[in-house]
Every structure is written in structure tokens, then in C-alpha cells.
Amino acid sequence: MINEISLVVSTLATLIPILTTLGVITYWLGRKFAEIEARFGRIDEKFRDVDNRFANIDHRFEEVMKHIDLRVSRIAEAFRSYQEFFVEYLAAQGIIKESEVNMLRNEALRLMRLAVTNPITKEEWEKIRRYLEKDELTMEEALELRELARKVTDEYGERSEAWKLHIYASVMVGRAIRKLREKKSTNR
């Protein structure tokens, strides 16, 4: 029995320091893992802050781009209005020659090949074609052609043919104005 007690005591004497060491190591590792977890929590928080900052920057960038797009659209509209006025004035004064009008018409006809690939309806393209085939337009037809030409420049402003169509339409408005003015002066 003394041998058994001695064996138990010696086993306990060996196990107690080992178990104590394991307990201390487990406690220490638990604290270290808690610290690491806390650090990861802080890192996650910083990433959330960075994500929020990027979201704010993205939002500001989108606002700036909208503002720039709006300004570019306004400039394009101002240019188109200026072009309309100037060309209509020249046509109304009879300064633009018939050969120049025919050249513009031919350039505008090149645009018709785009008719199958855009949001301008088939009917609108047909109207444009019909107006381009006519030598003279009524004021109503000229104004409708100019509206259609505006739509074309909105969609295909990067193509010179679109602007030539717009110039041609403006010439036709100017010619219609001249015709109406001449008609009024002969009726007096």
C-alpha cells in the first residue's frame, strides 16, 4: 500500500507541475488570442472607415462627372444653337449657294447608313431621307428636319456627317424663312 501511495504521490508530483504549466499556457494563449482578435476588430474597423471614405470619394466623383457632363451638354447645345442661327441667317440672306447646299445634302445622306443601328426610329430616318431628296421644303418640313437633325447630333455628335445634316437642315430653315419673306413682299 505504501508503494501504491508512493506511486500516486510521485505521479501527482509529476502531473501537477505539468497540468499547472498547461493551465498557465492555455490561459496565456487565450489572452494572446483575445488580443489578436481585438486587433483584428480594430483592423476591421479601419477597413470599414477606408471603405466609407472610398464610398464618399466615389459619390463625389460621380457628382463631379455629372456636373462636367451637364456643362459639356450645355456647351454642345450652345454651339448647336449658334450654328443654327448663323447658317439660317446666311441662307435667309441668300448667301449660301445651291452647289453648297447640294454638297451638304450629299454629306448628310452618308449618315443614312447608320439608320439600322441606333435609337432614332426607322420612320424618322425615312422622314430624313424624304426631306433630303426634296429640293425645297416648307417651313414646317424644314423645322421638322432640323428637329430630327438635332436628335441625330445628340446621338452621333462625334460624326461629322451628323453636323453636316444639322447644317443642311438649318440652311433649309433659312431658305424657308427667305421664301416666306419674299412671298410677303410680293403680296403687298
# chains A, B, ... in the order shown; residues from 1 in each chain; ligands from 1
>>> residues_around(residues="Val152 in chain A", least_positions_apart="5", cutoff="8 Å", atoms="only C-alpha atoms", output="ChimeraX atom specification")
/A:120,157,162
>>> write_last_selection(atoms="C-alpha atoms", output="PDB file, in the first residue's frame")
ATOM      1  CA  ILE A 120     -33.700  57.006 -83.968  1.00  0.00           C
ATOM      2  CA  GLY A 157     -22.291  64.115 -82.428  1.00  0.00           C
ATOM      3  CA  ALA A 162     -24.355  64.375 -88.247  1.00  0.00           C
TER       4      ALA A 162
END
>>> residues_around(residues="range 128-140 of chain A", least_positions_apart="2", cutoff="7 Å", atoms="only C-alpha atoms", output="ChimeraX atom specification")
/A:105,124-126,142-145,172-173,176
>>> write_last_selection(atoms="N, CA and C atoms", output="PDB file, in the first residue's frame")
ATOM      1  N   ARG A 105     -26.175  68.280 -98.589  1.00  0.00           N
ATOM      2  CA  ARG A 105     -27.167  67.207 -98.700  1.00  0.00           C
ATOM      3  C   ARG A 105     -26.473  65.871 -98.937  1.00  0.00           C
ATOM      4  N   GLU A 124     -38.358  57.925 -88.542  1.00  0.00           N
ATOM      5  CA  GLU A 124     -37.623  59.191 -88.518  1.00  0.00           C
ATOM      6  C   GLU A 124     -36.525  59.210 -89.577  1.00  0.00           C
ATOM      7  N   TRP A 125     -35.829  58.071 -89.732  1.00  0.00           N
ATOM      8  CA  TRP A 125     -34.807  58.002 -90.783  1.00  0.00           C
ATOM      9  C   TRP A 125     -35.451  58.154 -92.151  1.00  0.00           C
ATOM     10  N   GLU A 126     -36.614  57.572 -92.347  1.00  0.00           N
ATOM     11  CA  GLU A 126     -37.314  57.705 -93.625  1.00  0.00           C
ATOM     12  C   GLU A 126     -37.710  59.156 -93.883  1.00  0.00           C
ATOM     13  N   ALA A 142     -39.021  71.968 -92.932  1.00  0.00           N
ATOM     14  CA  ALA A 142     -37.659  72.389 -92.583  1.00  0.00           C
ATOM     15  C   ALA A 142     -37.456  72.339 -91.066  1.00  0.00           C
ATOM     16  N   LEU A 143     -38.458  72.805 -90.331  1.00  0.00           N
ATOM     17  CA  LEU A 143     -38.348  72.772 -88.869  1.00  0.00           C
ATOM     18  C   LEU A 143     -38.325  71.328 -88.354  1.00  0.00           C
ATOM     19  N   GLU A 144     -39.126  70.460 -88.971  1.00  0.00           N
ATOM     20  CA  GLU A 144     -39.120  69.053 -88.550  1.00  0.00           C
ATOM     21  C   GLU A 144     -37.778  68.401 -88.879  1.00  0.00           C
ATOM     22  N   LEU A 145     -37.233  68.709 -90.065  1.00  0.00           N
ATOM     23  CA  LEU A 145     -35.919  68.172 -90.422  1.00  0.00           C
ATOM     24  C   LEU A 145     -34.867  68.652 -89.429  1.00  0.00           C
ATOM     25  N   MET A 172     -31.992  74.813 -94.767  1.00  0.00           N
ATOM     26  CA  MET A 172     -33.351  74.678 -95.280  1.00  0.00           C
ATOM     27  C   MET A 172     -34.330  75.533 -94.483  1.00  0.00           C
ATOM     28  N   VAL A 173     -34.115  75.682 -93.185  1.00  0.00           N
ATOM     29  CA  VAL A 173     -34.958  76.578 -92.383  1.00  0.00           C
ATOM     30  C   VAL A 173     -34.746  78.010 -92.856  1.00  0.00           C
ATOM     31  N   ALA A 176     -36.467  78.550 -96.125  1.00  0.00           N
ATOM     32  CA  ALA A 176     -37.919  78.641 -95.940  1.00  0.00           C
ATOM     33  C   ALA A 176     -38.297  80.023 -95.402  1.00  0.00           C
TER      34      ALA A 176
END
>>> atom_distance(atom1="CA of Glu100 in chain A", atom2="CA of Ser185 in chain A")
26.4 Å
>>> closest_residue(among="A:Asp44, A:Leu22, A:Leu148, A:Asp69", to="Lys122 in chain A", atoms="only C-alpha atoms")
A:Leu148
>>> closest_residue(among="A:Leu109, A:Val171, A:Met1, A:Leu19", to="Leu90 in chain A", atoms="only C-alpha atoms")
A:Val171
>>> atom_distance(atom1="CA of Thr121 in chain A", atom2="CA of Ala149 in chain A")
12.9 Å
>>> residues_around(residues="Glu77 in chain A", least_positions_apart="5", cutoff="12 Å", atoms="only C-alpha atoms", output="JSON list (two decimals) with C-alpha atoms, in the first residue's frame")
[["chain", "number", "residue", "atom", "x", "y", "z"],
["A", 70, "LEU", "CA", -24.05, 68.78, -67.76],
["A", 71, "ARG", "CA", -21.58, 71.53, -68.69],
["A", 72, "VAL", "CA", -20.48, 69.68, -71.83],
["A", 82, "TYR", "CA", -25.20, 79.30, -82.60],
["A", 83, "GLN", "CA", -24.70, 77.14, -85.70],
["A", 84, "GLU", "CA", -28.45, 77.13, -86.40],
["A", 150, "ARG", "CA", -30.80, 67.75, -83.56],
["A", 151, "LYS", "CA", -31.71, 64.24, -82.49],
["A", 153, "THR", "CA", -26.37, 65.19, -83.40],
["A", 154, "ASP", "CA", -27.38, 64.13, -79.90],
["A", 157, "GLY", "CA", -22.29, 64.12, -82.43]]
>>> atom_distance(atom1="CA of Arg178 in chain A", atom2="CA of Lys97 in chain A")
13.7 Å
>>> select_by_dssp(residues="range 69-179 of chain A", states="alpha helix (DSSP H)", output="PyMOL selection string")
chain A and resi 69-92+98-110+122-133+139-156+160-179
>>> closest_residue(among="A:Arg80, A:Tyr168, A:Asn56, A:Gln93", to="Ala108 in chain A", atoms="only C-alpha atoms")
A:Tyr168
